[in-house]
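Everything below belongs to query_4.pdb, which stores PDB, C-alpha atoms.
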```
ATOM      1  CA  MET A 286      24.974  76.859  62.542  1.00  0.00           C
ATOM      2  CA  ASN A 287      24.236  75.215  59.186  1.00  0.00           C
ATOM      3  CA  THR A 288      25.494  76.450  55.813  1.00  0.00           C
ATOM      4  CA  THR A 289      22.114  77.794  54.631  1.00  0.00           C
ATOM      5  CA  LEU A 290      21.734  80.020  57.681  1.00  0.00           C
ATOM      6  CA  LYS A 291      25.382  81.110  57.387  1.00  0.00           C
ATOM      7  CA  MET A 292      24.791  82.089  53.764  1.00  0.00           C
ATOM      8  CA  TRP A 293      21.655  84.053  54.719  1.00  0.00           C
ATOM      9  CA  ARG A 294      23.461  85.925  57.488  1.00  0.00           C
ATOM     10  CA  LYS A 295      26.380  86.692  55.192  1.00  0.00           C
ATOM     11  CA  LEU A 296      24.302  87.914  52.229  1.00  0.00           C
ATOM     12  CA  SER A 297      21.170  89.503  53.730  1.00  0.00           C
ATOM     13  CA  PRO A 298      22.750  92.741  55.036  1.00  0.00           C
ATOM     14  CA  TYR A 299      23.890  93.755  51.534  1.00  0.00           C
ATOM     15  CA  PRO A 300      21.660  95.711  49.098  1.00  0.00           C
ATOM     16  CA  ALA A 301      21.103  92.752  46.750  1.00  0.00           C
ATOM     17  CA  GLY A 302      21.847  90.073  49.346  1.00  0.00           C
ATOM     18  CA  LYS A 303      18.296  88.919  50.021  1.00  0.00           C
ATOM     19  CA  TRP A 304      17.615  88.724  46.289  1.00  0.00           C
ATOM     20  CA  THR A 305      20.864  86.774  45.731  1.00  0.00           C
ATOM     21  CA  PHE A 306      19.998  84.321  48.521  1.00  0.00           C
ATOM     22  CA  SER A 307      16.495  83.851  47.090  1.00  0.00           C
ATOM     23  CA  LYS A 308      17.905  83.174  43.621  1.00  0.00           C
ATOM     24  CA  ALA A 309      20.304  80.600  45.088  1.00  0.00           C
ATOM     25  CA  VAL A 310      17.378  78.760  46.687  1.00  0.00           C
ATOM     26  CA  CYS A 311      15.634  78.724  43.293  1.00  0.00           C
ATOM     27  CA  VAL A 312      18.756  77.332  41.616  1.00  0.00           C
ATOM     28  CA  LYS A 313      18.713  74.460  44.118  1.00  0.00           C
ATOM     29  CA  ALA A 314      14.928  73.942  43.715  1.00  0.00           C
ATOM     30  CA  PRO A 315      14.001  75.409  40.282  1.00  0.00           C
ATOM     31  CA  TYR A 316      10.222  75.000  40.554  1.00  0.00           C
ATOM     32  CA  PHE A 317      10.149  77.822  43.117  1.00  0.00           C
ATOM     33  CA  SER A 318      11.366  80.318  40.534  1.00  0.00           C
ATOM     34  CA  THR A 319       7.875  80.494  38.991  1.00  0.00           C
ATOM     35  CA  ILE A 320       6.625  82.503  41.978  1.00  0.00           C
ATOM     36  CA  LYS A 321       9.738  84.757  42.091  1.00  0.00           C
ATOM     37  CA  PRO A 322      10.197  84.559  45.878  1.00  0.00           C
ATOM     38  CA  CYS A 323      12.278  86.994  47.897  1.00  0.00           C
ATOM     39  CA  PHE A 324      13.289  86.111  51.453  1.00  0.00           C
ATOM     40  CA  GLU A 325      12.831  89.039  53.837  1.00  0.00           C
ATOM     41  CA  GLU A 326      13.543  87.324  57.173  1.00  0.00           C
ATOM     42  CA  LEU A 327      15.107  84.007  58.084  1.00  0.00           C
ATOM     43  CA  ASP A 328      16.204  82.513  61.381  1.00  0.00           C
ATOM     44  CA  VAL A 329      15.784  79.342  63.380  1.00  0.00           C
ATOM     45  CA  GLY A 330      12.030  78.737  63.657  1.00  0.00           C
ATOM     46  CA  HIS A 331      10.966  81.724  61.539  1.00  0.00           C
ATOM     47  CA  ALA A 332      10.883  82.873  57.905  1.00  0.00           C
ATOM     48  CA  VAL A 333       9.157  85.575  55.859  1.00  0.00           C
ATOM     49  CA  VAL A 334       9.089  85.286  52.066  1.00  0.00           C
ATOM     50  CA  ARG A 335       7.524  87.844  49.705  1.00  0.00           C
ATOM     51  CA  ILE A 336       6.005  87.303  46.277  1.00  0.00           C
ATOM     52  CA  LYS A 337       4.405  89.836  43.968  1.00  0.00           C
ATOM     53  CA  GLU A 338       1.322  89.102  41.932  1.00  0.00           C
ATOM     54  CA  HIS A 339       2.197  88.702  38.244  1.00  0.00           C
ATOM     55  CA  ARG A 340       0.450  87.221  35.239  1.00  0.00           C
ATOM     56  CA  ALA A 341       2.303  83.893  35.269  1.00  0.00           C
ATOM     57  CA  ILE A 342       0.769  82.983  38.650  1.00  0.00           C
ATOM     58  CA  HIS A 343      -2.766  84.225  37.933  1.00  0.00           C
ATOM     59  CA  ASN A 344      -5.815  82.015  37.943  1.00  0.00           C
ATOM     60  CA  HIS A 345      -8.889  82.455  35.727  1.00  0.00           C
ATOM     61  CA  ILE A 346     -10.335  85.191  37.984  1.00  0.00           C
ATOM     62  CA  GLY A 347      -7.208  87.374  37.986  1.00  0.00           C
ATOM     63  CA  SER A 348      -5.839  86.643  41.445  1.00  0.00           C
ATOM     64  CA  VAL A 349      -2.863  84.578  42.612  1.00  0.00           C
ATOM     65  CA  HIS A 350      -3.419  80.897  41.852  1.00  0.00           C
ATOM     66  CA  ALA A 351      -3.908  78.494  44.754  1.00  0.00           C
ATOM     67  CA  ILE A 352      -0.916  76.358  43.781  1.00  0.00           C
ATOM     68  CA  ALA A 353       1.333  79.447  43.663  1.00  0.00           C
ATOM     69  CA  MET A 354       0.392  80.037  47.304  1.00  0.00           C
ATOM     70  CA  CYS A 355       1.139  76.358  48.033  1.00  0.00           C
ATOM     71  CA  ASN A 356       4.583  76.901  46.480  1.00  0.00           C
ATOM     72  CA  LEU A 357       5.053  79.957  48.701  1.00  0.00           C
ATOM     73  CA  ALA A 358       4.094  77.925  51.767  1.00  0.00           C
ATOM     74  CA  GLU A 359       6.419  75.108  50.724  1.00  0.00           C
ATOM     75  CA  ILE A 360       9.462  77.349  50.193  1.00  0.00           C
ATOM     76  CA  CYS A 361       8.846  79.031  53.562  1.00  0.00           C
ATOM     77  CA  ALA A 362       8.468  75.715  55.363  1.00  0.00           C
ATOM     78  CA  GLY A 363      11.320  73.984  53.587  1.00  0.00           C
ATOM     79  CA  VAL A 364      13.941  76.646  54.161  1.00  0.00           C
ATOM     80  CA  VAL A 365      12.911  77.338  57.769  1.00  0.00           C
ATOM     81  CA  SER A 366      13.126  73.582  58.383  1.00  0.00           C
ATOM     82  CA  MET A 367      16.560  73.475  56.808  1.00  0.00           C
ATOM     83  CA  VAL A 368      17.950  76.291  58.960  1.00  0.00           C
ATOM     84  CA  SER A 369      16.261  75.005  62.126  1.00  0.00           C
ATOM     85  CA  LEU A 370      17.547  71.446  61.915  1.00  0.00           C
ATOM     86  CA  PRO A 371      20.053  70.456  64.609  1.00  0.00           C
ATOM     87  CA  GLU A 372      23.303  68.881  63.429  1.00  0.00           C
ATOM     88  CA  GLY A 373      22.984  65.162  62.726  1.00  0.00           C
ATOM     89  CA  MET A 374      19.307  65.402  61.791  1.00  0.00           C
ATOM     90  CA  ARG A 375      17.445  65.170  58.497  1.00  0.00           C
ATOM     91  CA  TRP A 376      13.965  66.168  57.339  1.00  0.00           C
ATOM     92  CA  ILE A 377      11.463  65.527  54.576  1.00  0.00           C
ATOM     93  CA  PRO A 378       7.984  66.997  54.015  1.00  0.00           C
ATOM     94  CA  ALA A 379       5.274  64.493  54.918  1.00  0.00           C
ATOM     95  CA  GLY A 380       2.066  66.357  54.096  1.00  0.00           C
ATOM     96  CA  MET A 381       0.350  69.698  53.728  1.00  0.00           C
ATOM     97  CA  THR A 382      -3.092  70.918  54.734  1.00  0.00           C
ATOM     98  CA  VAL A 383      -4.173  74.251  53.253  1.00  0.00           C
ATOM     99  CA  ARG A 384      -7.057  76.690  53.514  1.00  0.00           C
ATOM    100  CA  TYR A 385      -7.914  79.387  50.999  1.00  0.00           C
ATOM    101  CA  LEU A 386      -9.343  82.246  53.040  1.00  0.00           C
ATOM    102  CA  GLY A 387      -9.570  85.193  50.669  1.00  0.00           C
ATOM    103  CA  ARG A 388      -8.707  86.546  47.250  1.00  0.00           C
ATOM    104  CA  ALA A 389      -4.926  86.859  46.914  1.00  0.00           C
ATOM    105  CA  LYS A 390      -3.886  90.078  45.171  1.00  0.00           C
ATOM    106  CA  GLY A 391      -0.822  92.332  45.118  1.00  0.00           C
ATOM    107  CA  VAL A 392       2.204  91.686  47.292  1.00  0.00           C
ATOM    108  CA  LEU A 393       1.871  88.582  49.465  1.00  0.00           C
ATOM    109  CA  ARG A 394       4.070  87.477  52.348  1.00  0.00           C
ATOM    110  CA  GLY A 395       4.380  83.965  53.683  1.00  0.00           C
ATOM    111  CA  HIS A 396       5.129  83.885  57.425  1.00  0.00           C
ATOM    112  CA  ALA A 397       6.425  80.501  58.593  1.00  0.00           C
ATOM    113  CA  THR A 398       6.915  79.408  62.190  1.00  0.00           C
ATOM    114  CA  MET A 399       7.952  76.134  63.730  1.00  0.00           C
ATOM    115  CA  ARG A 400       8.878  74.885  67.170  1.00  0.00           C
ATOM    116  CA  GLU A 401      12.397  73.908  68.117  1.00  0.00           C
ATOM    117  CA  ILE A 402      13.503  70.503  66.878  1.00  0.00           C
ATOM    118  CA  VAL A 403      14.995  68.385  69.635  1.00  0.00           C
ATOM    119  CA  PRO A 404      18.305  66.731  68.618  1.00  0.00           C
ATOM    120  CA  GLY A 405      17.782  62.988  68.163  1.00  0.00           C
ATOM    121  CA  GLU A 406      13.982  63.335  68.069  1.00  0.00           C
ATOM    122  CA  LYS A 407      12.090  61.311  65.486  1.00  0.00           C
ATOM    123  CA  GLY A 408       8.592  62.242  64.347  1.00  0.00           C
ATOM    124  CA  SER A 409       6.422  64.896  62.758  1.00  0.00           C
ATOM    125  CA  VAL A 410       6.971  68.603  63.359  1.00  0.00           C
ATOM    126  CA  PRO A 411       4.326  71.054  62.088  1.00  0.00           C
ATOM    127  CA  VAL A 412       5.358  74.198  60.247  1.00  0.00           C
ATOM    128  CA  ILE A 413       2.600  76.819  60.217  1.00  0.00           C
ATOM    129  CA  VAL A 414       2.534  79.231  57.261  1.00  0.00           C
ATOM    130  CA  GLU A 415       0.213  82.210  56.966  1.00  0.00           C
ATOM    131  CA  VAL A 416       0.084  84.140  53.690  1.00  0.00           C
ATOM    132  CA  LYS A 417      -0.914  87.754  54.223  1.00  0.00           C
ATOM    133  CA  ASN A 418      -1.811  90.485  51.756  1.00  0.00           C
ATOM    134  CA  GLU A 419      -0.573  94.078  51.964  1.00  0.00           C
ATOM    135  CA  ALA A 420      -3.352  94.947  54.428  1.00  0.00           C
ATOM    136  CA  GLY A 421      -2.111  92.200  56.766  1.00  0.00           C
ATOM    137  CA  GLU A 422      -5.144  89.978  56.148  1.00  0.00           C
ATOM    138  CA  VAL A 423      -4.521  86.224  56.060  1.00  0.00           C
ATOM    139  CA  VAL A 424      -5.663  85.018  52.613  1.00  0.00           C
ATOM    140  CA  PHE A 425      -4.229  81.495  52.865  1.00  0.00           C
ATOM    141  CA  ASP A 426      -2.791  79.283  55.557  1.00  0.00           C
ATOM    142  CA  ALA A 427      -1.081  75.938  55.628  1.00  0.00           C
ATOM    143  CA  GLU A 428       0.203  73.390  58.066  1.00  0.00           C
ATOM    144  CA  ILE A 429       3.084  71.422  56.615  1.00  0.00           C
ATOM    145  CA  ALA A 430       4.143  68.277  58.443  1.00  0.00           C
ATOM    146  CA  ILE A 431       7.902  67.840  58.429  1.00  0.00           C
ATOM    147  CA  HIS A 432       9.190  64.372  59.305  1.00  0.00           C
ATOM    148  CA  VAL A 433      12.458  64.661  61.248  1.00  0.00           C
ATOM    149  CA  SER A 434      14.845  61.904  62.240  1.00  0.00           C
ATOM    150  CA  PRO A 435      18.488  61.358  63.066  1.00  0.00           C
ATOM    151  CA  ALA A 436      20.613  61.182  59.921  1.00  0.00           C
ATOM    152  CA  LYS A 437      22.002  57.771  59.116  1.00  0.00           C
ATOM    153  CA  THR A 438      25.737  57.583  59.374  1.00  0.00           C
ATOM    154  CA  ALA A 439      27.710  55.825  56.682  1.00  0.00           C
TER     155      ALA A 439
END
```

Please express the file's structure as structure tokens.
Amino acid sequence: MNTTLKMWRKLSPYPAGKWTFSKAVCVKAPYFSTIKPCFEELDVGHAVVRIKEHRAIHNHIGSVHAIAMCNLAEICAGVVSMVSLPEGMRWIPAGMTVRYLGRAKGVLRGHATMREIVPGEKGSVPVIVEVKNEAGEVVFDAEIAIHVSPAKTA
């Protein structure tokens, strides 16, 4: 099990553990802090991250900005990729296709899923992210291509 997943499993059961884990991710990748993400679930192949609508991520019509939802999709996909990676493998995002399906208001949750990564496999692995509103309606979805390959040894 990798260190990110170990940290999640250690912290998440505690009252402020999920918040602490989420803050640690934002320290490592500061641009995510603008959306104030909070991880709710994380395991190999699956992640759920919550954001709350706030003024800093509004667009001109008073809903959550499209790029804020892209950031939500990217944090979901990136961290689920990190915890799903077999030992001796590396990953990098290779592209993202998004669809804006409805007005994003209130509390939003990004649900990321990905298939198992085969050790030693080289190629593109899709991570599917659906962003749902409080009513469970999908307001945004994304497919993020993750390029995986064996890590080079020194």

| message | Give me, as a PyMOL selection string, all polymer residues having an atom no more than 12 Å from Val433 of chain A, counting all atoms listed in the file and skipping those fewer than 3 positions away in the same chain. | response | chain A and resi 366-367+369-379+401-412+430+436-437

| said: Please enumerate the residues selected by the PyMOL selection byres ((chain A and resi 390-399) around 6) when evaluated against the supplied file, formatted as a PyMOL selection string. | reply: chain A and resi 330-338+348+361+389+400+412-419

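Relative to atom CA of Met292 of chain A, atom CA of Asn356 of chain A is found at 22.1 Å.
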
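The interatomic distance for the pair atom CA of Ala351 of chain A and atom CA of Tyr385 of chain A works out to 7.5 Å.
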
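Take atom CA of Thr305 of chain A and atom CA of Pro322 of chain A: the distance between them is 10.9 Å.
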
Go through segment 322-431 of chain A residue by residue and, counting all atoms listed in the file, keep those with an atom at most 9 Å from segment 307-314 of chain A; for each kept residue give the shortest atom pair and its distance in Å to one decimal, ordered by chain and increasing number, as a tab-separated table.
```
residue	atom	partner	partner_atom	distance
A:Pro322	CA	A:Ser307	CA	6.5
A:Cys323	CA	A:Ser307	CA	5.3
A:Phe324	CA	A:Ser307	CA	5.9
A:Ile360	CA	A:Val310	CA	8.8
A:Val364	CA	A:Val310	CA	8.5
```

Hits from the PyMOL selection byres ((chain A and resi 294) around 12), listed as a PDB file with C-alpha atoms, in the frame of the given file:
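Final file, part02.pdb:
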```pdb
ATOM      1  CA  MET A 286      24.974  76.859  62.542  1.00  0.00           C
ATOM      2  CA  ASN A 287      24.236  75.215  59.186  1.00  0.00           C
ATOM      3  CA  THR A 288      25.494  76.450  55.813  1.00  0.00           C
ATOM      4  CA  THR A 289      22.114  77.794  54.631  1.00  0.00           C
ATOM      5  CA  LEU A 290      21.734  80.020  57.681  1.00  0.00           C
ATOM      6  CA  LYS A 291      25.382  81.110  57.387  1.00  0.00           C
ATOM      7  CA  MET A 292      24.791  82.089  53.764  1.00  0.00           C
ATOM      8  CA  TRP A 293      21.655  84.053  54.719  1.00  0.00           C
ATOM      9  CA  LYS A 295      26.380  86.692  55.192  1.00  0.00           C
ATOM     10  CA  LEU A 296      24.302  87.914  52.229  1.00  0.00           C
ATOM     11  CA  SER A 297      21.170  89.503  53.730  1.00  0.00           C
ATOM     12  CA  PRO A 298      22.750  92.741  55.036  1.00  0.00           C
ATOM     13  CA  TYR A 299      23.890  93.755  51.534  1.00  0.00           C
ATOM     14  CA  GLY A 302      21.847  90.073  49.346  1.00  0.00           C
ATOM     15  CA  LYS A 303      18.296  88.919  50.021  1.00  0.00           C
ATOM     16  CA  PHE A 306      19.998  84.321  48.521  1.00  0.00           C
ATOM     17  CA  PHE A 324      13.289  86.111  51.453  1.00  0.00           C
ATOM     18  CA  GLU A 325      12.831  89.039  53.837  1.00  0.00           C
ATOM     19  CA  GLU A 326      13.543  87.324  57.173  1.00  0.00           C
ATOM     20  CA  LEU A 327      15.107  84.007  58.084  1.00  0.00           C
ATOM     21  CA  ASP A 328      16.204  82.513  61.381  1.00  0.00           C
ATOM     22  CA  VAL A 329      15.784  79.342  63.380  1.00  0.00           C
ATOM     23  CA  VAL A 368      17.950  76.291  58.960  1.00  0.00           C
TER      24      VAL A 368
END
```

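Counting all atoms listed in the file, the residue from A:Gly421, A:Pro435, A:Pro300, A:Gly363 that sits nearest to Gly387 of chain A is A:Gly421.
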
What box, with edges along x, y and z, holds each listed atom of segment 389-404 of chain A when 5 Å is added on every side, and can you state its centre and edge lengths in Å to one decimal, as lines of an AutoDock Vina configuration file?
```
center_x = 6.7
center_y = 79.5
center_z = 57.4
size_x = 33.2
size_y = 35.6
size_z = 34.5
```

| field | Counting only C-alpha atoms, the option among A:Lys321, A:Val423, A:Arg388, A:Ala301 closest to His350 of chain A | value | A:Arg388
